[in-house]
file structure-v9.tsv (TSV, C-alpha atoms and all ligand atoms)
chain	number	residue	atom	x	y	z
A	1	MET	CA	-23.94	8.82	43.57
A	2	GLY	CA	-20.84	8.81	41.34
A	3	ARG	CA	-21.13	8.99	37.58
A	4	LEU	CA	-19.46	5.57	37.20
A	5	GLU	CA	-21.07	3.80	40.16
A	6	GLY	CA	-21.20	0.02	39.61
A	7	LYS	CA	-18.80	0.01	36.66
A	8	VAL	CA	-15.55	-1.96	36.45
A	9	ALA	CA	-12.90	-0.45	34.19
A	10	PHE	CA	-9.77	-1.99	32.71
A	11	ILE	CA	-7.35	0.89	32.09
A	12	THR	CA	-4.10	0.17	30.28
A	13	GLY	CA	-1.04	2.32	30.93
A	14	ALA	CA	-2.60	3.54	34.19
A	15	GLY	CA	0.75	3.88	35.94
A	16	ALA	CA	1.33	7.34	34.47
A	17	GLY	CA	-0.07	10.26	32.55
A	18	ILE	CA	-3.61	10.20	31.16
A	19	GLY	CA	-4.19	6.58	32.25
A	20	ARG	CA	-3.32	7.31	35.87
A	21	ALA	CA	-5.39	10.51	35.91
A	22	SER	CA	-8.30	8.48	34.49
A	23	ALA	CA	-7.93	5.79	37.18
A	24	GLN	CA	-8.03	8.51	39.84
A	25	LYS	CA	-11.18	10.11	38.43
A	26	PHE	CA	-12.87	6.74	37.88
A	27	VAL	CA	-12.42	5.84	41.55
A	28	THR	CA	-13.75	9.23	42.62
A	29	GLU	CA	-16.80	8.60	40.41
A	30	GLY	CA	-17.50	5.22	42.03
A	31	ALA	CA	-15.89	2.75	39.59
A	32	ARG	CA	-13.61	-0.13	40.42
A	33	VAL	CA	-10.47	-0.15	38.31
A	34	VAL	CA	-7.94	-2.63	36.99
A	35	VAL	CA	-4.60	-0.87	36.50
A	36	ALA	CA	-3.12	-2.79	33.57
A	37	GLU	CA	0.41	-1.44	33.48
A	38	LEU	CA	3.78	-2.69	32.21
A	39	ASN	CA	5.87	-0.84	34.80
A	40	PRO	CA	5.45	-2.63	38.15
A	41	GLU	CA	6.63	0.32	40.22
A	42	THR	CA	4.22	2.88	38.83
A	43	GLY	CA	1.40	0.36	38.55
A	44	LYS	CA	1.73	-0.60	42.23
A	45	ALA	CA	2.05	3.05	43.26
A	46	THR	CA	-1.14	4.03	41.40
A	47	ALA	CA	-3.06	1.16	42.99
A	48	ALA	CA	-1.68	1.84	46.47
A	49	ALA	CA	-2.68	5.50	46.25
A	50	LEU	CA	-6.25	4.66	45.23
A	51	GLY	CA	-7.17	1.93	47.75
A	52	ASP	CA	-9.38	-1.16	47.65
A	53	ALA	CA	-11.33	-0.19	44.54
A	54	VAL	CA	-8.19	-0.74	42.47
A	55	LEU	CA	-6.27	-3.84	41.43
A	56	PHE	CA	-2.85	-3.61	39.79
A	57	VAL	CA	-2.13	-6.41	37.32
A	58	PRO	CA	1.24	-6.38	35.54
A	59	THR	CA	0.30	-6.28	31.86
A	60	ASP	CA	2.04	-6.01	28.53
A	61	VAL	CA	-0.56	-4.86	26.01
A	62	THR	CA	1.58	-6.13	23.12
A	63	ASP	CA	1.31	-9.70	24.43
A	64	GLU	CA	-1.98	-11.50	23.80
A	65	SER	CA	-1.70	-13.94	26.72
A	66	SER	CA	-0.69	-11.19	29.15
A	67	VAL	CA	-3.74	-9.11	28.15
A	68	ALA	CA	-6.11	-12.08	28.46
A	69	ALA	CA	-4.71	-13.08	31.87
A	70	SER	CA	-4.96	-9.53	33.13
A	71	LEU	CA	-8.60	-9.15	32.06
A	72	ASP	CA	-9.42	-12.50	33.68
A	73	ALA	CA	-7.72	-11.45	36.93
A	74	GLY	CA	-9.71	-8.20	36.95
A	75	ALA	CA	-13.01	-9.96	36.27
A	76	LYS	CA	-12.26	-12.51	39.00
A	77	GLN	CA	-11.56	-9.77	41.52
A	78	PHE	CA	-14.46	-7.46	40.67
A	79	GLY	CA	-17.01	-9.82	39.06
A	80	LYS	CA	-16.96	-8.30	35.55
A	81	ILE	CA	-15.29	-5.83	33.21
A	82	ASP	CA	-17.60	-3.38	31.44
A	83	VAL	CA	-15.31	-0.49	30.51
A	84	LEU	CA	-12.09	-0.76	28.48
A	85	VAL	CA	-9.79	2.26	28.35
A	86	ASN	CA	-6.94	1.58	25.95
A	87	CYS	CA	-4.52	4.26	27.00
A	88	ALA	CA	-1.05	2.64	26.92
A	89	GLY	CA	0.88	4.15	24.04
A	90	GLY	CA	2.94	7.09	22.90
A	91	SER	CA	5.37	8.20	20.22
A	92	ILE	CA	9.12	7.75	20.41
A	93	GLN	CA	11.71	10.33	19.50
A	94	ALA	CA	13.33	8.15	16.83
A	95	ASP	CA	10.11	8.31	14.77
A	96	ALA	CA	10.53	10.23	11.51
A	97	SER	CA	9.16	10.72	8.01
A	98	VAL	CA	8.30	7.71	5.90
A	99	THR	CA	11.45	7.98	3.76
A	100	ASP	CA	13.81	8.37	6.70
A	101	VAL	CA	12.46	6.36	9.59
A	102	ASP	CA	14.31	3.29	10.82
A	103	LEU	CA	12.04	0.28	10.42
A	104	ASP	CA	12.72	-0.76	14.02
A	105	VAL	CA	10.50	2.18	14.94
A	106	TRP	CA	7.72	0.62	12.87
A	107	ASP	CA	7.85	-2.60	14.86
A	108	THR	CA	7.94	-0.94	18.28
A	109	THR	CA	5.34	1.73	17.56
A	110	ILE	CA	2.82	-0.34	15.64
A	111	HIS	CA	3.03	-3.03	18.31
A	112	LEU	CA	2.36	-0.67	21.18
A	113	ASP	CA	0.03	1.89	19.60
A	114	LEU	CA	-2.05	-0.25	17.24
A	115	LYS	CA	-1.63	-3.95	18.02
A	116	GLY	CA	-1.89	-3.26	21.78
A	117	PRO	CA	-5.38	-1.69	21.63
A	118	PHE	CA	-6.40	-4.32	19.04
A	119	LEU	CA	-5.43	-7.14	21.43
A	120	CYS	CA	-7.19	-5.44	24.36
A	121	CYS	CA	-10.39	-5.15	22.30
A	122	ARG	CA	-10.04	-8.73	21.06
A	123	ALA	CA	-9.78	-10.15	24.58
A	124	GLY	CA	-11.85	-7.45	26.27
A	125	ILE	CA	-15.01	-7.44	24.14
A	126	PRO	CA	-16.08	-10.94	25.31
A	127	HIS	CA	-15.95	-9.59	28.89
A	128	LEU	CA	-18.14	-6.63	27.92
A	129	GLN	CA	-20.54	-9.02	26.16
A	130	ARG	CA	-20.74	-11.19	29.29
A	131	ALA	CA	-21.45	-8.05	31.33
A	132	GLY	CA	-24.43	-7.30	29.07
A	133	GLY	CA	-22.77	-4.32	27.35
A	134	GLY	CA	-20.18	-1.68	28.01
A	135	THR	CA	-17.97	1.02	26.61
A	136	ILE	CA	-14.57	1.19	24.95
A	137	VAL	CA	-12.43	4.31	24.96
A	138	ASN	CA	-9.49	4.25	22.57
A	139	PHE	CA	-6.70	6.77	22.18
A	140	THR	CA	-5.92	8.30	18.85
A	141	SER	CA	-4.25	11.73	18.53
A	142	ILE	CA	-4.44	15.07	16.79
A	143	VAL	CA	-1.64	13.72	14.57
A	144	ALA	CA	-4.19	11.41	12.91
A	145	LEU	CA	-6.52	14.34	12.13
A	146	LYS	CA	-4.03	16.43	10.18
A	147	GLY	CA	-0.86	15.55	8.30
A	148	ALA	CA	1.58	17.80	10.10
A	149	PHE	CA	3.38	15.54	12.56
A	150	PRO	CA	6.91	14.45	11.57
A	151	GLY	CA	6.58	10.99	13.15
A	152	HIS	CA	4.89	9.04	10.39
A	153	VAL	CA	4.79	5.65	12.09
A	154	TYR	CA	2.94	6.99	15.15
A	155	THR	CA	0.61	8.89	12.81
A	156	THR	CA	-0.12	5.65	10.94
A	157	ALA	CA	-0.86	3.78	14.16
A	158	LYS	CA	-3.19	6.48	15.46
A	159	GLY	CA	-5.00	6.66	12.12
A	160	GLY	CA	-5.58	2.91	12.41
A	161	ILE	CA	-7.12	3.43	15.85
A	162	ILE	CA	-9.85	5.62	14.33
A	163	SER	CA	-10.81	2.93	11.82
A	164	LEU	CA	-10.60	0.19	14.45
A	165	THR	CA	-12.88	2.18	16.76
A	166	GLN	CA	-15.47	2.74	14.02
A	167	ALA	CA	-15.37	-0.91	12.96
A	168	ILE	CA	-15.90	-2.08	16.54
A	169	ALA	CA	-18.73	0.41	17.08
A	170	GLY	CA	-20.38	-0.76	13.85
A	171	ARG	CA	-20.17	-4.42	14.79
A	172	TYR	CA	-20.71	-4.65	18.54
A	173	TRP	CA	-23.57	-2.17	19.09
A	174	ARG	CA	-25.70	-5.30	18.84
A	175	ASP	CA	-24.25	-6.32	22.19
A	176	GLY	CA	-24.84	-2.95	23.81
A	177	ILE	CA	-21.22	-1.91	23.36
A	178	ARG	CA	-20.20	1.62	22.41
A	179	ALA	CA	-16.70	2.47	21.15
A	180	ASN	CA	-15.25	5.96	20.86
A	181	ALA	CA	-11.82	7.50	20.53
A	182	ILE	CA	-10.23	10.62	21.99
A	183	ALA	CA	-7.76	12.65	19.93
A	184	PRO	CA	-5.72	14.73	22.40
A	185	GLY	CA	-3.45	17.57	21.38
A	186	ILE	CA	-0.29	18.02	23.42
A	187	VAL	CA	-0.79	16.78	26.96
A	188	LEU	CA	1.85	17.43	29.59
A	189	SER	CA	2.12	13.94	30.98
A	190	GLU	CA	5.45	13.38	32.78
A	191	ARG	CA	6.81	11.81	29.58
A	192	VAL	CA	5.95	14.80	27.40
A	193	ALA	CA	6.84	17.41	30.03
A	194	SER	CA	10.32	15.93	30.49
A	195	ARG	CA	10.79	15.81	26.71
A	196	PHE	CA	10.07	19.57	26.70
A	197	GLY	CA	12.38	20.20	29.68
A	198	ILE	CA	9.41	21.20	31.87
A	199	ASP	CA	9.52	20.49	35.61
A	200	GLY	CA	6.62	18.13	36.32
A	201	GLU	CA	6.71	19.16	40.00
A	202	ASN	CA	5.47	22.65	39.11
A	203	SER	CA	1.78	23.51	39.23
A	204	ASP	CA	-0.35	22.67	36.19
A	205	GLU	CA	-0.74	26.37	35.49
A	206	ASP	CA	3.04	26.93	35.54
A	207	GLN	CA	3.70	23.93	33.32
A	208	ILE	CA	1.20	25.11	30.72
A	209	LYS	CA	2.58	28.66	30.91
A	210	THR	CA	6.13	27.37	30.33
A	211	ALA	CA	4.97	25.20	27.42
A	212	MET	CA	3.22	28.18	25.83
A	213	ALA	CA	6.28	30.38	26.34
A	214	THR	CA	8.87	27.94	25.05
A	215	LYS	CA	6.95	25.76	22.60
A	216	SER	CA	4.14	27.96	21.33
A	217	ARG	CA	5.21	27.09	17.79
A	218	LEU	CA	3.80	23.61	18.30
A	219	VAL	CA	0.32	24.95	18.98
A	220	ASP	CA	0.74	27.60	16.33
A	221	ASP	CA	-0.11	30.51	18.69
A	222	ARG	CA	-3.76	30.21	17.66
A	223	HIS	CA	-4.66	27.38	19.99
A	224	PRO	CA	-4.18	28.58	23.55
A	225	PHE	CA	-6.03	25.48	24.79
A	226	GLY	CA	-3.69	23.22	22.83
A	227	TYR	CA	-1.61	22.31	25.88
A	228	GLY	CA	-3.50	20.18	28.34
A	229	MET	CA	-2.87	18.24	31.51
A	230	PRO	CA	-3.72	14.52	31.92
A	231	GLU	CA	-6.78	15.46	34.03
A	232	ASP	CA	-8.24	17.44	31.11
A	233	ILE	CA	-8.32	14.29	29.02
A	234	ALA	CA	-9.41	12.08	31.93
A	235	ASN	CA	-12.56	14.23	32.16
A	236	VAL	CA	-13.42	13.22	28.59
A	237	VAL	CA	-12.69	9.57	29.40
A	238	VAL	CA	-15.12	9.68	32.35
A	239	PHE	CA	-17.82	11.16	30.11
A	240	LEU	CA	-17.33	8.50	27.41
A	241	ALA	CA	-17.31	5.69	29.97
A	242	SER	CA	-20.46	6.94	31.71
A	243	ASP	CA	-24.08	6.58	30.68
A	244	GLU	CA	-24.15	10.36	30.09
A	245	SER	CA	-22.65	9.65	26.67
A	246	ARG	CA	-25.11	6.89	25.74
A	247	MET	CA	-25.84	8.55	22.37
A	248	VAL	CA	-22.16	8.93	21.51
A	249	ASN	CA	-20.86	6.00	19.49
A	250	ALA	CA	-18.13	5.62	16.83
A	251	ALA	CA	-17.04	9.18	17.54
A	252	VAL	CA	-13.59	10.69	17.52
A	253	ILE	CA	-13.55	13.49	20.06
A	254	PRO	CA	-10.77	16.02	19.47
A	255	ALA	CA	-9.37	17.37	22.74
A	256	GLU	CA	-6.74	19.66	21.25
A	257	GLY	CA	-7.99	23.20	21.73
A	258	GLY	CA	-9.33	23.35	18.18
A	259	ALA	CA	-5.96	22.83	16.53
A	260	SER	CA	-7.24	20.28	14.01
A	261	ALA	CA	-10.11	22.53	12.89
A	262	TYR	CA	-8.54	25.92	12.08
B	1	LIG	N1	0.63	13.09	25.95
B	1	LIG	C1	0.27	13.54	24.75
B	1	LIG	O1	0.64	14.66	24.34
B	1	LIG	C2	-0.64	12.71	23.88
B	1	LIG	C3	-1.19	13.30	22.74
B	1	LIG	C4	-2.03	12.56	21.91
B	1	LIG	C5	-2.30	11.23	22.24
B	1	LIG	N2	-1.74	10.69	23.35
B	1	LIG	C6	-2.03	9.27	23.63
B	1	LIG	O2	-2.60	9.17	24.92
B	1	LIG	C7	-2.20	7.95	25.54
B	1	LIG	C8	-1.54	8.23	26.88
B	1	LIG	O3	-0.45	9.13	26.69
B	1	LIG	P1	0.40	9.65	27.95
B	1	LIG	O4	1.21	10.80	27.47
B	1	LIG	O5	-0.46	9.81	29.13
B	1	LIG	O6	1.38	8.41	28.15
B	1	LIG	P2	2.45	8.12	29.33
B	1	LIG	O7	3.74	7.82	28.66
B	1	LIG	O8	2.41	9.18	30.36
B	1	LIG	O9	1.87	6.78	29.97
B	1	LIG	C9	1.81	5.61	29.22
B	1	LIG	C10	1.81	4.45	30.19
B	1	LIG	O10	1.73	3.24	29.41
B	1	LIG	C11	2.63	2.30	29.98
B	1	LIG	N3	3.01	1.30	28.97
B	1	LIG	C12	3.95	1.44	27.99
B	1	LIG	N4	4.04	0.30	27.28
B	1	LIG	C13	3.12	-0.55	27.81
B	1	LIG	C14	2.74	-1.88	27.49
B	1	LIG	N5	3.34	-2.56	26.50
B	1	LIG	N6	1.77	-2.46	28.22
B	1	LIG	C15	1.14	-1.79	29.23
B	1	LIG	N7	1.49	-0.53	29.58
B	1	LIG	C16	2.46	0.08	28.87
B	1	LIG	C17	3.81	3.13	30.44
B	1	LIG	O11	4.61	2.43	31.38
B	1	LIG	C18	3.10	4.34	31.02
B	1	LIG	O12	2.76	4.15	32.37
B	1	LIG	C19	-1.27	7.27	24.54
B	1	LIG	O13	-2.00	6.34	23.78
B	1	LIG	C20	-0.78	8.40	23.67
B	1	LIG	O14	-0.41	7.98	22.38
B	1	LIG	C21	-0.92	11.38	24.18

call {"tool": "encode", "arguments": {"input": "structure-v9.tsv", "output": "structure tokens"}}
result
Amino acid sequence: MGRLEGKVAFITGAGAGIGRASAQKFVTEGARVVVAELNPETGKATAAALGDAVLFVPTDVTDESSVAASLDAGAKQFGKIDVLVNCAGGSIQADASVTDVDLDVWDTTIHLDLKGPFLCCRAGIPHLQRAGGGTIVNFTSIVALKGAFPGHVYTTAKGGIISLTQAIAGRYWRDGIRANAIAPGIVLSERVASRFGIDGENSDEDQIKTAMATKSRLVDDRHPFGYGMPEDIANVVVFLASDESRMVNAAVIPAEGGASAY
């Protein structure tokens, strides 16, 4: 029996990167999955590759009515939603320090990286309550655990995710709902790999080797596990969504090779 047998997960941003890798692992572990993705091409492709256990619903996490409609469509198809994985997000290259950043970056980044997960929790928690409980997995980042990242707007958004996760955990445990956050280090999703000039068609091992050779400065040479692949993080998502983690609540799990600790 799979570790997520009987569960129905709503995964945002599941057309690419960590979200897609999570959708793949969830299906392997017996869950049914709603791929809530903005990009119709990648959303459809993810769903088509994973078969009947998956429903793609075009979703913009920054739009309250889109999120609500998408959750309703998923619950109608699969009977309930009891896992929320709020993965859609990411930094943009125009982000910069607080004194320099263009305020357009504030609007875009806070909308996607903070308001998006907030809206998904707002509309998603009633579904989890109706299901008799459930789990929420939010995405923060190593950048929220130490003040070294030059993109201050993204850092602000990801810091907010930690507080949001703790507040939700502290309020909705009464309904059997757990909420945790994952703080990845640098993960070679297609988006990040192409930003680093790394060929995403190469093997995982080659991609990590290239990242270490050309960008070791970013993991400070001391954190050889600091470059991960989407599957590495998806493993943590599966754990947090499963009953194996039933004692883990309001936690922020660093998945960054130790880089925030030493
Ligand atoms: N990759 C990293 O190095 C890294 C590090 C720390 C934290 N994270 C966080 O992990 C999460 C996933 O990162 P990733 O690198 O896998 O991302 P990614 O860019 O590979 O995938 C993000 C997906 O979200 C979708 N998306 C974008 N805007 C959307 C919207 N408004 N509504 C719905 N979907 C939308 C995109 O189309 C894309 O498919 C993000 O929250 C990111 O901030 C990533």

call {"tool": "residues_near_ligand", "arguments": {"input": "structure-v9.tsv", "ligand": "ligand LIG 1 (chain B)", "cutoff": "6 Å", "atoms": "all atoms listed in the file", "output": "PyMOL selection string"}}
result
chain A and resi 12-19+37-39+59-62+87-90+112+139-141+184-192

call {"tool": "closest_residue", "arguments": {"input": "structure-v9.tsv", "among": "A:Leu84, A:Ala148, A:Ala69, A:Val105", "to": "A:Asn180", "atoms": "only C-alpha atoms"}}
result
A:Leu84

call {"tool": "atom_distance", "arguments": {"input": "structure-v9.tsv", "atom1": "atom CA of A:Val248", "atom2": "atom CA of A:Gly74"}}
result
26.2 Å

call {"tool": "residues_around", "arguments": {"input": "structure-v9.tsv", "residues": "A:Ala211", "least_positions_apart": "2", "cutoff": "12 Å", "atoms": "all atoms listed in the file", "output": "PyMOL selection string"}}
result
chain A and resi 186-188+192-200+202+204-209+213-219+221+224-229

call {"tool": "residues_around", "arguments": {"input": "structure-v9.tsv", "residues": "stretch 42-55 of chain A", "least_positions_apart": "5", "cutoff": "12 Å", "atoms": "only C-alpha atoms", "output": "PyMOL selection string"}}
result
chain A and resi 5-17+19-37+60+70-71+73-78

call {"tool": "axis_aligned_box", "arguments": {"input": "structure-v9.tsv", "around": "stretch 46-50 of chain A", "padding_each_side": "5 Å", "output": "lines of an AutoDock Vina configuration file"}}
result
center_x = -3.7
center_y = 3.3
center_z = 43.9
size_x = 15.1
size_y = 14.3
size_z = 15.1

call {"tool": "residues_around", "arguments": {"input": "structure-v9.tsv", "residues": "A:Leu114", "least_positions_apart": "3", "cutoff": "7 Å", "atoms": "all atoms listed in the file", "output": "PyMOL selection string"}}
result
chain A and resi 110-111+117-118+157+160-161

call {"tool": "write_last_selection", "arguments": {"input": "structure-v9.tsv", "atoms": "C-alpha atoms", "output": "PDB file, in the coordinates of the input"}}
result
ATOM      1  CA  ILE A 110       2.820  -0.340  15.640  1.00  0.00           C
ATOM      2  CA  HIS A 111       3.030  -3.030  18.310  1.00  0.00           C
ATOM      3  CA  PRO A 117      -5.380  -1.690  21.630  1.00  0.00           C
ATOM      4  CA  PHE A 118      -6.400  -4.320  19.040  1.00  0.00           C
ATOM      5  CA  ALA A 157      -0.860   3.780  14.160  1.00  0.00           C
ATOM      6  CA  GLY A 160      -5.580   2.910  12.410  1.00  0.00           C
ATOM      7  CA  ILE A 161      -7.120   3.430  15.850  1.00  0.00           C
TER       8      ILE A 161
END

call {"tool": "residues_around", "arguments": {"input": "structure-v9.tsv", "residues": "A:Asp175", "least_positions_apart": "5", "cutoff": "9 Å", "atoms": "only C-alpha atoms", "output": "PDB file with C-alpha atoms, in the coordinates of the input"}}
result
ATOM      1  CA  LEU A 128     -18.140  -6.630  27.920  1.00  0.00           C
ATOM      2  CA  GLN A 129     -20.540  -9.020  26.160  1.00  0.00           C
ATOM      3  CA  GLY A 132     -24.430  -7.300  29.070  1.00  0.00           C
ATOM      4  CA  GLY A 133     -22.770  -4.320  27.350  1.00  0.00           C
ATOM      5  CA  GLY A 134     -20.180  -1.680  28.010  1.00  0.00           C
TER       6      GLY A 134
END

call {"tool": "decode", "arguments": {"input": "structure-v9.tsv", "residues": "stretch 120-196 of chain A", "atoms": "C-alpha atoms", "output": "PDB file, in the first residue's frame"}}
result
ATOM      1  CA  CYS A 120      -4.906  28.771  -1.189  1.00  0.00           C
ATOM      2  CA  CYS A 121      -5.045  28.266   2.592  1.00  0.00           C
ATOM      3  CA  ARG A 122      -8.050  30.574   2.892  1.00  0.00           C
ATOM      4  CA  ALA A 123     -10.072  28.627   0.319  1.00  0.00           C
ATOM      5  CA  GLY A 124      -8.439  25.261   0.973  1.00  0.00           C
ATOM      6  CA  ILE A 125      -8.805  24.933   4.754  1.00  0.00           C
ATOM      7  CA  PRO A 126     -12.629  24.600   4.570  1.00  0.00           C
ATOM      8  CA  HIS A 127     -12.088  21.616   2.238  1.00  0.00           C
ATOM      9  CA  LEU A 128      -9.680  20.036   4.730  1.00  0.00           C
ATOM     10  CA  GLN A 129     -12.191  20.684   7.525  1.00  0.00           C
ATOM     11  CA  ARG A 130     -14.946  19.000   5.511  1.00  0.00           C
ATOM     12  CA  ALA A 131     -12.611  16.041   4.929  1.00  0.00           C
ATOM     13  CA  GLY A 132     -12.211  15.670   8.709  1.00  0.00           C
ATOM     14  CA  GLY A 133      -8.609  16.925   8.764  1.00  0.00           C
ATOM     15  CA  GLY A 134      -5.583  17.106   6.542  1.00  0.00           C
ATOM     16  CA  THR A 135      -2.155  18.549   5.956  1.00  0.00           C
ATOM     17  CA  ILE A 136      -0.751  21.729   4.465  1.00  0.00           C
ATOM     18  CA  VAL A 137       2.755  21.957   3.040  1.00  0.00           C
ATOM     19  CA  ASN A 138       3.976  25.485   2.361  1.00  0.00           C
ATOM     20  CA  PHE A 139       7.173  26.588   0.664  1.00  0.00           C
ATOM     21  CA  THR A 140       9.519  28.978   2.334  1.00  0.00           C
ATOM     22  CA  SER A 141      13.263  29.067   1.506  1.00  0.00           C
ATOM     23  CA  ILE A 142      16.723  29.117   2.998  1.00  0.00           C
ATOM     24  CA  VAL A 143      16.660  32.853   2.223  1.00  0.00           C
ATOM     25  CA  ALA A 144      14.168  33.318   5.073  1.00  0.00           C
ATOM     26  CA  LEU A 145      16.474  31.533   7.545  1.00  0.00           C
ATOM     27  CA  LYS A 146      19.516  33.744   7.059  1.00  0.00           C
ATOM     28  CA  GLY A 147      19.924  37.294   5.813  1.00  0.00           C
ATOM     29  CA  ALA A 148      22.300  36.691   2.948  1.00  0.00           C
ATOM     30  CA  PHE A 149      20.126  36.711  -0.164  1.00  0.00           C
ATOM     31  CA  PRO A 150      20.250  39.897  -2.267  1.00  0.00           C
ATOM     32  CA  GLY A 151      16.573  39.698  -3.275  1.00  0.00           C
ATOM     33  CA  HIS A 152      14.877  41.356  -0.327  1.00  0.00           C
ATOM     34  CA  VAL A 153      11.301  41.180  -1.583  1.00  0.00           C
ATOM     35  CA  TYR A 154      11.417  37.405  -2.072  1.00  0.00           C
ATOM     36  CA  THR A 155      13.090  37.096   1.337  1.00  0.00           C
ATOM     37  CA  THR A 156      10.248  39.098   2.887  1.00  0.00           C
ATOM     38  CA  ALA A 157       7.603  36.927   1.237  1.00  0.00           C
ATOM     39  CA  LYS A 158       9.258  33.687   2.341  1.00  0.00           C
ATOM     40  CA  GLY A 159       9.657  34.996   5.893  1.00  0.00           C
ATOM     41  CA  GLY A 160       5.918  35.684   5.893  1.00  0.00           C
ATOM     42  CA  ILE A 161       5.262  32.076   4.869  1.00  0.00           C
ATOM     43  CA  ILE A 162       6.930  30.833   8.069  1.00  0.00           C
ATOM     44  CA  SER A 163       4.675  32.992  10.239  1.00  0.00           C
ATOM     45  CA  LEU A 164       1.596  32.105   8.199  1.00  0.00           C
ATOM     46  CA  THR A 165       2.370  28.395   8.563  1.00  0.00           C
ATOM     47  CA  GLN A 166       2.800  28.668  12.336  1.00  0.00           C
ATOM     48  CA  ALA A 167      -0.386  30.721  12.703  1.00  0.00           C
ATOM     49  CA  ILE A 168      -2.389  28.175  10.705  1.00  0.00           C
ATOM     50  CA  ALA A 169      -0.909  25.268  12.666  1.00  0.00           C
ATOM     51  CA  GLY A 170      -1.761  27.030  15.938  1.00  0.00           C
ATOM     52  CA  ARG A 171      -5.346  27.689  14.923  1.00  0.00           C
ATOM     53  CA  TYR A 172      -6.502  24.697  12.887  1.00  0.00           C
ATOM     54  CA  TRP A 173      -5.038  21.765  14.865  1.00  0.00           C
ATOM     55  CA  ARG A 174      -8.495  21.723  16.434  1.00  0.00           C
ATOM     56  CA  ASP A 175      -9.786  20.477  13.093  1.00  0.00           C
ATOM     57  CA  GLY A 176      -7.111  17.817  12.715  1.00  0.00           C
ATOM     58  CA  ILE A 177      -5.087  19.964  10.331  1.00  0.00           C
ATOM     59  CA  ARG A 178      -1.286  20.088  10.404  1.00  0.00           C
ATOM     60  CA  ALA A 179       0.706  22.817   8.632  1.00  0.00           C
ATOM     61  CA  ASN A 180       4.428  22.726   7.951  1.00  0.00           C
ATOM     62  CA  ALA A 181       6.859  24.505   5.666  1.00  0.00           C
ATOM     63  CA  ILE A 182       9.898  23.347   3.723  1.00  0.00           C
ATOM     64  CA  ALA A 183      12.903  25.646   3.310  1.00  0.00           C
ATOM     65  CA  PRO A 184      14.866  24.363   0.304  1.00  0.00           C
ATOM     66  CA  GLY A 185      18.359  25.517  -0.564  1.00  0.00           C
ATOM     67  CA  ILE A 186      19.179  25.762  -4.257  1.00  0.00           C
ATOM     68  CA  VAL A 187      17.136  23.289  -6.252  1.00  0.00           C
ATOM     69  CA  LEU A 188      17.886  22.726  -9.915  1.00  0.00           C
ATOM     70  CA  SER A 189      14.375  23.023 -11.256  1.00  0.00           C
ATOM     71  CA  GLU A 190      14.343  23.886 -14.980  1.00  0.00           C
ATOM     72  CA  ARG A 191      13.911  27.560 -14.044  1.00  0.00           C
ATOM     73  CA  VAL A 192      16.956  27.643 -11.777  1.00  0.00           C
ATOM     74  CA  ALA A 193      19.087  25.381 -13.992  1.00  0.00           C
ATOM     75  CA  SER A 194      18.519  27.612 -17.021  1.00  0.00           C
ATOM     76  CA  ARG A 195      19.330  30.695 -14.933  1.00  0.00           C
ATOM     77  CA  PHE A 196      22.678  29.019 -14.133  1.00  0.00           C
TER      78      PHE A 196
END
